[in-house]
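Trainee: Okay, so here is my_file-v5.txt, and as you'll see once you scroll down, it has compact mmCIF, C-alpha atoms.
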# COMPACT_ATOMS: atom_id res chain seq x y z
CA MET A 1 0.00 0.00 0.00
CA ALA A 2 1.24 3.47 -0.86
CA LEU A 3 2.37 5.66 2.04
CA SER A 4 -0.12 8.32 0.97
CA ASP A 5 -2.92 5.75 1.29
CA LEU A 6 -1.83 5.03 4.88
CA LEU A 7 -1.73 8.72 5.69
CA TYR A 8 -5.02 9.38 3.91
CA PRO A 9 -7.33 6.32 4.32
CA ASP A 10 -9.93 7.70 1.91
CA ASN A 11 -7.41 7.91 -0.94
CA PRO A 12 -8.21 4.51 -2.57
CA LYS A 13 -11.88 5.47 -2.82
CA ARG A 14 -11.02 8.93 -4.15
CA LYS A 15 -8.67 7.44 -6.73
CA GLN A 16 -11.45 5.30 -8.16
CA GLU A 17 -13.83 8.26 -8.03
CA LEU A 18 -11.35 10.46 -9.88
CA ILE A 19 -10.92 7.93 -12.68
CA HIS A 20 -14.70 7.51 -12.96
CA LEU A 21 -15.19 11.29 -13.18
CA HIS A 22 -12.50 11.56 -15.85
CA GLN A 23 -14.22 8.91 -17.95
CA GLU A 24 -17.56 10.69 -17.53
CA LEU A 25 -15.93 13.90 -18.77
CA LEU A 26 -14.58 12.11 -21.85
CA ASP A 27 -17.93 10.45 -22.59
CA CYS A 28 -19.72 13.79 -22.37
CA MET A 29 -17.14 15.45 -24.58
CA SER A 30 -17.44 12.66 -27.16
CA THR A 31 -21.24 13.12 -27.30
CA ASN A 32 -20.75 16.84 -27.90
CA PHE A 33 -18.37 16.15 -30.77
CA HIS A 34 -21.00 13.89 -32.34
CA ALA A 35 -23.84 16.42 -31.88
CA THR A 36 -21.70 19.24 -33.27
CA ASN A 37 -20.87 17.19 -36.36
CA GLU A 38 -24.58 16.53 -36.89
CA LEU A 39 -25.26 20.27 -36.98
CA VAL A 40 -22.21 20.86 -39.17
CA GLY A 41 -23.57 18.29 -41.63
CA VAL A 42 -26.92 20.11 -41.81
CA LEU A 43 -25.27 23.51 -42.33
CA ASN A 44 -22.94 22.20 -45.01
CA GLU A 45 -25.62 20.28 -46.90
CA HIS A 46 -28.47 22.76 -46.78
CA LEU A 47 -26.90 26.19 -46.32
CA GLY A 48 -23.76 25.84 -48.43
CA CYS A 49 -21.37 26.14 -45.49
CA THR A 50 -17.92 24.54 -45.60
CA ILE A 51 -17.29 23.79 -41.94
CA THR A 52 -14.88 20.90 -41.41
CA PRO A 53 -16.22 18.12 -39.16
CA ILE A 54 -14.20 17.41 -36.03
CA GLU A 55 -13.07 14.34 -34.21
CA MET A 56 -11.94 13.73 -30.67
CA ARG A 57 -8.19 13.17 -30.74
CA GLU A 58 -7.02 10.56 -28.29
CA SER A 59 -3.42 11.71 -28.64
CA SER A 60 -4.35 15.22 -27.50
CA THR A 61 -5.06 16.69 -24.09
CA VAL A 62 -8.47 17.67 -22.75
CA LYS A 63 -7.55 21.33 -23.34
CA GLU A 64 -6.59 20.72 -26.97
CA ASN A 65 -9.85 18.89 -27.63
CA CYS A 66 -11.79 21.68 -25.90
CA GLU A 67 -10.07 24.23 -28.15
CA ASN A 68 -10.90 22.10 -31.20
CA ILE A 69 -14.63 21.97 -30.51
CA ILE A 70 -14.73 25.64 -29.42
CA GLN A 71 -13.29 26.62 -32.80
CA VAL A 72 -16.03 24.78 -34.69
CA MET A 73 -18.79 26.06 -32.39
CA SER A 74 -17.52 29.60 -32.94
CA GLU A 75 -17.67 29.00 -36.69
CA ILE A 76 -21.29 27.84 -36.32
CA GLN A 77 -22.04 31.05 -34.43
CA HIS A 78 -20.39 33.04 -37.22
CA GLN A 79 -22.51 31.32 -39.87
CA VAL A 80 -25.73 32.06 -37.97
CA GLN A 81 -24.69 35.71 -37.67
CA LYS A 82 -23.94 35.75 -41.41
CA ILE A 83 -27.42 34.40 -42.20
CA ASP A 84 -28.91 37.13 -40.04
CA SER A 85 -26.82 39.80 -41.83
CA ASP A 86 -27.89 38.47 -45.25
CA MET A 87 -31.54 38.62 -44.22
CA LYS A 88 -31.17 42.14 -42.89
CA ASP A 89 -29.38 43.34 -46.04
CA LYS A 90 -31.79 41.76 -48.54
CA LEU A 91 -35.14 42.32 -46.85
CA GLU A 92 -37.29 45.31 -46.18
CA PRO A 93 -37.24 46.16 -42.45
CA VAL A 94 -40.84 45.02 -42.03
CA LEU A 95 -40.10 41.59 -43.52
CA TYR A 96 -36.90 41.25 -41.52
CA GLN A 97 -38.80 41.92 -38.30
CA LYS A 98 -41.32 39.23 -39.22
CA LEU A 99 -38.55 36.61 -39.03
CA TYR A 100 -38.26 37.25 -35.30
CA ASP A 101 -41.95 37.80 -34.58
CA ILE A 102 -43.15 34.85 -32.51
CA LYS A 103 -46.72 35.54 -33.67
CA GLU A 104 -45.78 35.20 -37.35
CA PRO A 105 -46.66 31.81 -38.91
CA GLU A 106 -43.64 29.54 -39.43
CA LEU A 107 -44.52 28.92 -43.08
CA GLU A 108 -44.52 32.66 -43.77
CA LYS A 109 -41.07 32.99 -42.23
CA ILE A 110 -39.76 30.10 -44.31
CA ALA A 111 -41.15 31.68 -47.49
CA ILE A 112 -39.38 34.95 -46.66
CA ALA A 113 -36.07 33.19 -45.98
CA GLN A 114 -36.39 31.12 -49.16
CA ARG A 115 -36.78 34.33 -51.15
CA VAL A 116 -33.50 35.68 -49.77
CA PHE A 117 -31.63 32.43 -50.38
CA SER A 118 -32.89 32.40 -53.97
CA ILE A 119 -31.29 35.80 -54.47
CA ILE A 120 -27.99 34.70 -52.89
CA PHE A 121 -27.67 31.19 -54.32
CA GLY A 122 -29.86 31.43 -57.42
CA GLU A 123 -32.15 28.77 -55.99
CA ALA A 124 -33.11 27.55 -52.56
CA THR A 125 -35.03 24.65 -51.05
CA SER A 126 -37.67 24.97 -48.40
CA THR A 127 -35.43 22.80 -46.19
CA ALA A 128 -32.63 25.36 -46.37
CA ALA A 129 -35.05 28.14 -45.48
CA MET A 130 -36.50 26.10 -42.63
CA VAL A 131 -33.03 25.43 -41.20
CA ALA A 132 -32.21 29.13 -41.42
CA ILE A 133 -35.42 30.13 -39.63
CA LYS A 134 -34.85 27.53 -36.93
CA LEU A 135 -31.32 28.78 -36.32
CA LEU A 136 -32.30 32.45 -36.33
CA GLY A 137 -35.30 31.97 -34.09
CA SER A 138 -33.61 29.64 -31.63
CA ASN A 139 -32.35 31.79 -28.79
CA HIS A 140 -32.08 28.47 -27.00
CA LEU A 141 -29.40 27.24 -29.42
CA THR A 142 -27.55 30.55 -29.41
CA LEU A 143 -27.48 30.70 -25.63
CA THR A 144 -26.50 27.05 -25.18
CA VAL A 145 -23.63 27.35 -27.66
CA SER A 146 -22.32 30.42 -25.83
CA LYS A 147 -22.72 28.72 -22.45
CA LEU A 148 -20.96 25.54 -23.56
CA ILE A 149 -18.09 27.49 -25.10
CA GLY A 150 -17.62 29.22 -21.74
CA VAL A 151 -17.65 25.94 -19.82
CA LEU A 152 -15.23 24.29 -22.26
CA ALA A 153 -12.87 27.23 -21.92
CA GLN A 154 -12.96 26.88 -18.11
CA ILE A 155 -12.23 23.15 -18.33
CA GLY A 156 -9.33 23.77 -20.71
CA ALA A 157 -7.84 26.35 -18.36
CA SER A 158 -8.25 24.18 -15.25
CA VAL A 159 -6.02 21.40 -13.93
CA LEU A 160 -8.09 19.05 -16.11
CA GLY A 161 -6.87 20.71 -19.29
CA GLY A 162 -3.44 19.12 -19.30
CA VAL A 163 -4.75 15.58 -18.92
CA SER A 164 -4.43 13.27 -21.89
CA ILE A 165 -7.60 11.84 -23.43
CA THR A 166 -6.20 8.31 -23.56
CA ILE A 167 -6.50 6.50 -20.24
CA ILE A 168 -8.11 3.24 -21.33
CA GLY A 169 -5.79 0.27 -20.85
CA LEU A 170 -3.47 2.05 -18.43
CA GLY A 171 -2.83 0.75 -14.93
CA LEU A 172 -4.41 2.50 -11.95
CA GLU A 173 -1.23 4.29 -10.88
CA MET A 174 -0.42 5.38 -14.45
CA ILE A 175 -3.93 6.80 -14.88
CA LEU A 176 -3.65 8.70 -11.62
CA HIS A 177 -0.23 10.01 -12.58
CA ALA A 178 -1.64 11.21 -15.91
CA ILE A 179 -4.55 12.96 -14.21
CA LEU A 180 -2.74 14.41 -11.22
CA GLY A 181 0.64 15.15 -12.78
CA ALA A 182 2.64 17.12 -10.27
CA VAL A 183 -0.29 17.38 -7.86
CA GLU A 184 0.47 15.66 -4.56
CA ARG A 185 -1.60 12.57 -3.86
CA SER A 186 -2.68 14.20 -0.61
CA GLN A 187 -4.57 16.67 -2.78
CA LEU A 188 -6.78 13.98 -4.29
CA LEU A 189 -9.87 15.44 -2.66
CA THR A 190 -9.18 18.83 -4.26
CA ALA A 191 -8.80 17.14 -7.66
CA VAL A 192 -12.02 15.18 -7.18
CA ARG A 193 -13.95 18.31 -6.20
CA SER A 194 -12.56 20.16 -9.23
CA TYR A 195 -13.72 17.36 -11.53
CA GLU A 196 -17.15 17.25 -9.88
CA LYS A 197 -17.66 21.00 -10.25
CA HIS A 198 -16.59 21.21 -13.88
CA LEU A 199 -18.35 17.98 -14.84
CA ALA A 200 -21.67 19.12 -13.34
CA GLU A 201 -21.54 22.39 -15.30
CA PHE A 202 -20.35 20.59 -18.43
CA LYS A 203 -23.09 17.96 -18.34
CA ALA A 204 -25.85 20.53 -17.75
CA ALA A 205 -24.66 22.76 -20.60
CA SER A 206 -24.09 19.75 -22.87
CA GLU A 207 -27.60 18.39 -22.39
CA LYS A 208 -29.14 21.73 -23.38
CA TYR A 209 -26.76 22.03 -26.34
CA GLN A 210 -27.57 18.55 -27.61
CA ARG A 211 -31.34 19.09 -27.24
CA ALA A 212 -31.11 22.34 -29.20
CA ILE A 213 -29.21 20.62 -32.01
CA HIS A 214 -31.67 17.72 -32.01
CA GLU A 215 -34.53 20.16 -32.58
CA VAL A 216 -32.87 21.35 -35.79
CA THR A 217 -31.67 17.99 -37.11
CA SER A 218 -34.97 16.20 -36.37
CA LEU A 219 -36.89 18.85 -38.32
CA VAL A 220 -34.57 18.38 -41.27
CA ARG A 221 -35.07 14.62 -41.21
CA GLN A 222 -38.86 15.06 -41.13
CA GLN A 223 -38.67 17.49 -44.05
CA VAL A 224 -36.55 15.17 -46.16
CA GLN A 225 -38.76 12.09 -45.53
Since I need it in another form, could you write the structure as structure tokens?
Mentor:
Amino acid sequence: MALSDLLYPDNPKRKQELIHLHQELLDCMSTNFHATNELVGVLNEHLGCTITPIEMRESSTVKENCENIIQVMSEIQHQVQKIDSDMKDKLEPVLYQKLYDIKEPELEKIAIAQRVFSIIFGEATSTAAMVAIKLLGSNHLTLTVSKLIGVLAQIGASVLGGVSITIIGLGLEMILHAILGAVERSQLLTAVRSYEKHLAEFKAASEKYQRAIHEVTSLVRQQVQ
């Protein structure tokens, strides 16, 4: 038994808890990568965007993967802002305001958006217009993207950021060394609490983000069927 485990009897339990929390973090991050790629696919296919899909890199650290997904999420935000700018430039003020009027029928909004896309692209499908309206009208998606970017940035800047993604197949002590690095084993509780705090925020923001994306992608699938 390690000396630190004799000095701190709760250490074995905390070690297992720390590894479990780390795996939860990775699972949650992986789900976000998948959801983001789903939205990227919709934007590329229906709105003519050229956003490159992302993948979780096992050879990279948590921070590097956070930075990777933040970059793509920021590009999604930029594309939504660009759609809004195009609508504002091409439409009369009254029509532009209708796009954000919750009392305006959805079909009317889609028709307005389709008219603008026809000017920009020469032609436009109702699916493209519907996706645009969903993105523009979804404060939920805008807010969840911004929130998740903030949480990811915090995780990347924390002690978690320098941890490698790959822990599967490593021995217990090697995993702990990878997670804790130079942190003394006596500070296991601090590390566990840090993981718990960031993971709770990350999971809450991720769930909202994934639901918002699902709203868009499910509508597209219904439209295509």
Trainee: Would you compute the distance between CA of Arg57 (chain A) and CA of Val80 (chain A)? Give it in Å to one decimal.
Mentor: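 CA of Val80 (chain A) lies at a distance of 26.8 Å from CA of Arg57 (chain A).
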Trainee: Calculated over only C-alpha atoms, which of the candidates A:Val94, A:Val72, A:Met56, A:Val131 has the smallest distance to Cys28 (chain A)?
Mentor: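 Under the stated criterion, the closest residue is A:Met56.
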Trainee: Counting all atoms listed in the file, find the residues whose atoms lie at most 12 Å from (-19.1, 28.6, -19.7) (file coordinates) and write them out as a ChimeraX atom specification.
Mentor: /A:66,70,143-157,198-206
Trainee: Looking at A:Leu107, A:His34, A:Val216, A:Tyr195, which one is nearest to Leu18 (chain A), with distances taken over all atoms listed in the file?
Mentor: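 Smallest distance to Leu18 (chain A) is found for A:Tyr195.
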Trainee: Please write as a list in words the list of polymer residues whose atoms come within 9 Å of (-40.8, 29.0, -51.8), counting only C-alpha atoms and keeping to the coordinates of the file.
Mentor: Ile110, Ala111, Ile112, Ala113, Gln114, Arg115, Ser118, Ala124, Thr125, Ser126 and Ala129 of chain A
Trainee: Can you work out the spacing between CA of Leu25 (chain A) and CA of Ile69 (chain A) in Å, to one decimal?
Mentor: 14.3 Å
Trainee: Do a neighbour search on Thr217 (chain A) at 9 Å with only C-alpha atoms, toss out local chain neighbours closer than 4 positions, and write the hits as a short mmCIF file (atom, residue, chain, number, x, y, z; two decimals) with C-alpha atoms, in the coordinates of the input.
Mentor:
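Contents of around.cif, as written:
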data_model
loop_
_atom_site.label_atom_id
_atom_site.label_comp_id
_atom_site.auth_asym_id
_atom_site.auth_seq_id
_atom_site.Cartn_x
_atom_site.Cartn_y
_atom_site.Cartn_z
CA GLU A 38 -24.58 16.53 -36.89
CA LEU A 39 -25.26 20.27 -36.98
CA VAL A 42 -26.92 20.11 -41.81
CA VAL A 131 -33.03 25.43 -41.20
CA ILE A 213 -29.21 20.62 -32.01
CA ARG A 221 -35.07 14.62 -41.21
CA GLN A 222 -38.86 15.06 -41.13
#
Trainee: Suppose you want the space between CA of Glu207 (chain A) and CA of Val62 (chain A); what is it in Å?
Mentor: 19.1 Å
Trainee: Name the closest residue to Ile133 (chain A) among the candidates A:Tyr100, A:Tyr209, A:Phe33, A:Phe121; distances are taken between atoms, counting all atoms listed in the file.
Mentor: A:Tyr100
